[in-house]
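Novice: I have a structure here, written as structure tokens, and I will follow up with some questions on it.
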Amino acid sequence: AYDEALLLDVDGFVAEGSGENIFIVKDGVIYEPELTSALVGITRATILRHARDAGLAVREGDFTLAEAYAADEAFVTGTLGGVTPVASIDGRALPTQGFGPVTARLSALYQDGISRAD
């Protein structure tokens, strides 16, 4: 288990991790915070491209900690970790407690993209 900080913006909405972008998934839709208070992130952009190319629904917009707690799955993205599943937020276990179907699919697409780039 790893501990990571979840940063909020000045209005109290989820912004990012301390060194990575965060996404939540609810009812098959991927939600990402507005970039006004988050890093742009190369891995983030790659994941979003893969998600859209695969026909997955992506919504950019503010979400609260309460919405993150109620997510079906969550993951963070970063250069070193690629797609890393989130098992719990503030001690509240997410239903998948790791790789849910959307996170697993995006991780596979990302890994496939890395393999083809070699």
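Going by the structure tokens order, chains are called A, B, ..., each with residues numbered from 1, while ligands are numbered from 1 in the order shown.
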Could you give me the residues within range 4-62 of chain A that DSSP places in strand (DSSP E or B), as an mmCIF file with C-alpha atoms, in the first residue's frame?

Specialist:
```cif
data_model
loop_
_atom_site.group_PDB
_atom_site.id
_atom_site.type_symbol
_atom_site.label_atom_id
_atom_site.label_comp_id
_atom_site.auth_asym_id
_atom_site.auth_seq_id
_atom_site.Cartn_x
_atom_site.Cartn_y
_atom_site.Cartn_z
ATOM 1 C CA LEU A 6 -4.640 14.420 -2.859
ATOM 2 C CA LEU A 7 -4.515 18.158 -3.473
ATOM 3 C CA LEU A 8 -7.523 20.441 -3.632
ATOM 4 C CA VAL A 14 -9.995 17.823 -6.285
ATOM 5 C CA ALA A 15 -7.055 19.093 -8.345
ATOM 6 C CA GLU A 16 -4.337 16.407 -8.526
ATOM 7 C CA GLY A 17 -1.968 14.196 -6.576
ATOM 8 C CA ASN A 21 -2.926 13.595 -12.277
ATOM 9 C CA ILE A 22 -5.988 11.923 -10.770
ATOM 10 C CA PHE A 23 -9.056 10.539 -12.487
ATOM 11 C CA ILE A 24 -12.215 8.965 -11.119
ATOM 12 C CA VAL A 25 -14.631 6.647 -12.879
ATOM 13 C CA LYS A 26 -18.360 6.602 -12.174
ATOM 14 C CA VAL A 29 -17.473 7.678 -17.373
ATOM 15 C CA ILE A 30 -13.954 8.972 -16.721
ATOM 16 C CA TYR A 31 -13.835 12.291 -14.851
ATOM 17 C CA GLU A 32 -10.768 14.508 -14.730
ATOM 18 C CA VAL A 58 -14.425 11.491 -20.641
ATOM 19 C CA ARG A 59 -15.676 14.550 -18.767
ATOM 20 C CA GLU A 60 -13.431 17.391 -17.637
#
```

Novice: Write down as a list in words the residues belonging to range 26-79 of chain A that are assigned alpha helix (DSSP H) by DSSP computed on the backbone.

Specialist: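 Taking range 26-79 of chain A and keeping alpha helix (DSSP H) gives Ile42, Thr43, Arg44, Ala45, Thr46, Ile47, Leu48, Arg49, His50, Ala51, Arg52, Asp53, Leu65, Ala66, Glu67, Ala68 and Tyr69 of chain A.
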
Novice: Leu56 in chain A: which residues within 10 Å, counting only C-alpha atoms, same-chain residues fewer than 5 positions away excluded, as a list of chain:residue names?

Specialist: A:Gly28, A:Val29, A:Ile30, A:Leu48, A:Arg49, A:His50, A:Ala51, A:Val102, A:Leu106

Novice: Please, what distance in Å, to one decimal, runs between CA of Ser18 in chain A and CA of Ser37 in chain A?

Specialist: 11.9 Å

Novice: Got a sec: who's within 12 Å of Gly113 in chain A, counting only C-alpha atoms, leaving out chain neighbours fewer than 2 positions off, as a list in words?

Specialist: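 Those residues are Thr43, Thr46, Ile47, Arg49, His50, Gly82, Leu106, Ser107, Ala108, Leu109, Tyr110, Gln111, Ser115, Arg116, Ala117 and Asp118 of chain A.
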
Novice: Using the selection just defined, write its residues with N, CA and C atoms as an mmCIF file, in the first residue's frame.

Specialist:
```cif
data_model
loop_
_atom_site.group_PDB
_atom_site.id
_atom_site.type_symbol
_atom_site.label_atom_id
_atom_site.label_comp_id
_atom_site.auth_asym_id
_atom_site.auth_seq_id
_atom_site.Cartn_x
_atom_site.Cartn_y
_atom_site.Cartn_z
ATOM 1 N N THR A 43 1.628 12.089 -19.603
ATOM 2 C CA THR A 43 0.937 10.802 -19.449
ATOM 3 C C THR A 43 -0.563 11.017 -19.414
ATOM 4 N N THR A 46 -1.786 11.432 -22.893
ATOM 5 C CA THR A 46 -1.747 10.146 -23.603
ATOM 6 C C THR A 46 -2.933 9.279 -23.206
ATOM 7 N N ILE A 47 -3.230 9.230 -21.912
ATOM 8 C CA ILE A 47 -4.362 8.432 -21.421
ATOM 9 C C ILE A 47 -5.674 8.967 -21.976
ATOM 10 N N ARG A 49 -6.128 10.568 -24.765
ATOM 11 C CA ARG A 49 -6.186 10.211 -26.189
ATOM 12 C C ARG A 49 -6.599 8.745 -26.348
ATOM 13 N N HIS A 50 -5.968 7.859 -25.564
ATOM 14 C CA HIS A 50 -6.318 6.436 -25.625
ATOM 15 C C HIS A 50 -7.792 6.226 -25.255
ATOM 16 N N GLY A 82 2.930 5.421 -14.906
ATOM 17 C CA GLY A 82 1.961 5.148 -15.966
ATOM 18 C C GLY A 82 0.558 5.324 -15.426
ATOM 19 N N LEU A 106 -7.444 1.069 -19.703
ATOM 20 C CA LEU A 106 -6.542 2.181 -20.004
ATOM 21 C C LEU A 106 -5.086 1.811 -19.750
ATOM 22 N N SER A 107 -4.842 1.056 -18.715
ATOM 23 C CA SER A 107 -3.476 0.611 -18.435
ATOM 24 C C SER A 107 -2.956 -0.257 -19.579
ATOM 25 N N ALA A 108 -3.784 -1.164 -20.067
ATOM 26 C CA ALA A 108 -3.382 -2.034 -21.178
ATOM 27 C C ALA A 108 -3.136 -1.214 -22.440
ATOM 28 N N LEU A 109 -4.002 -0.247 -22.724
ATOM 29 C CA LEU A 109 -3.809 0.603 -23.899
ATOM 30 C C LEU A 109 -2.518 1.408 -23.780
ATOM 31 N N TYR A 110 -2.252 1.908 -22.582
ATOM 32 C CA TYR A 110 -1.036 2.682 -22.349
ATOM 33 C C TYR A 110 0.208 1.804 -22.523
ATOM 34 N N GLN A 111 0.188 0.613 -21.928
ATOM 35 C CA GLN A 111 1.326 -0.303 -22.045
ATOM 36 C C GLN A 111 1.542 -0.723 -23.483
ATOM 37 N N SER A 115 4.910 -0.160 -25.749
ATOM 38 C CA SER A 115 5.558 -1.268 -26.449
ATOM 39 C C SER A 115 5.761 -0.955 -27.930
ATOM 40 N N ARG A 116 4.762 -0.312 -28.535
ATOM 41 C CA ARG A 116 4.862 0.007 -29.965
ATOM 42 C C ARG A 116 5.856 1.149 -30.197
ATOM 43 N N ALA A 117 6.103 1.966 -29.189
ATOM 44 C CA ALA A 117 7.015 3.103 -29.348
ATOM 45 C C ALA A 117 8.478 2.676 -29.304
ATOM 46 N N ASP A 118 8.743 1.465 -28.796
ATOM 47 C CA ASP A 118 10.142 0.997 -28.680
ATOM 48 C C ASP A 118 10.771 0.722 -30.013
#
```
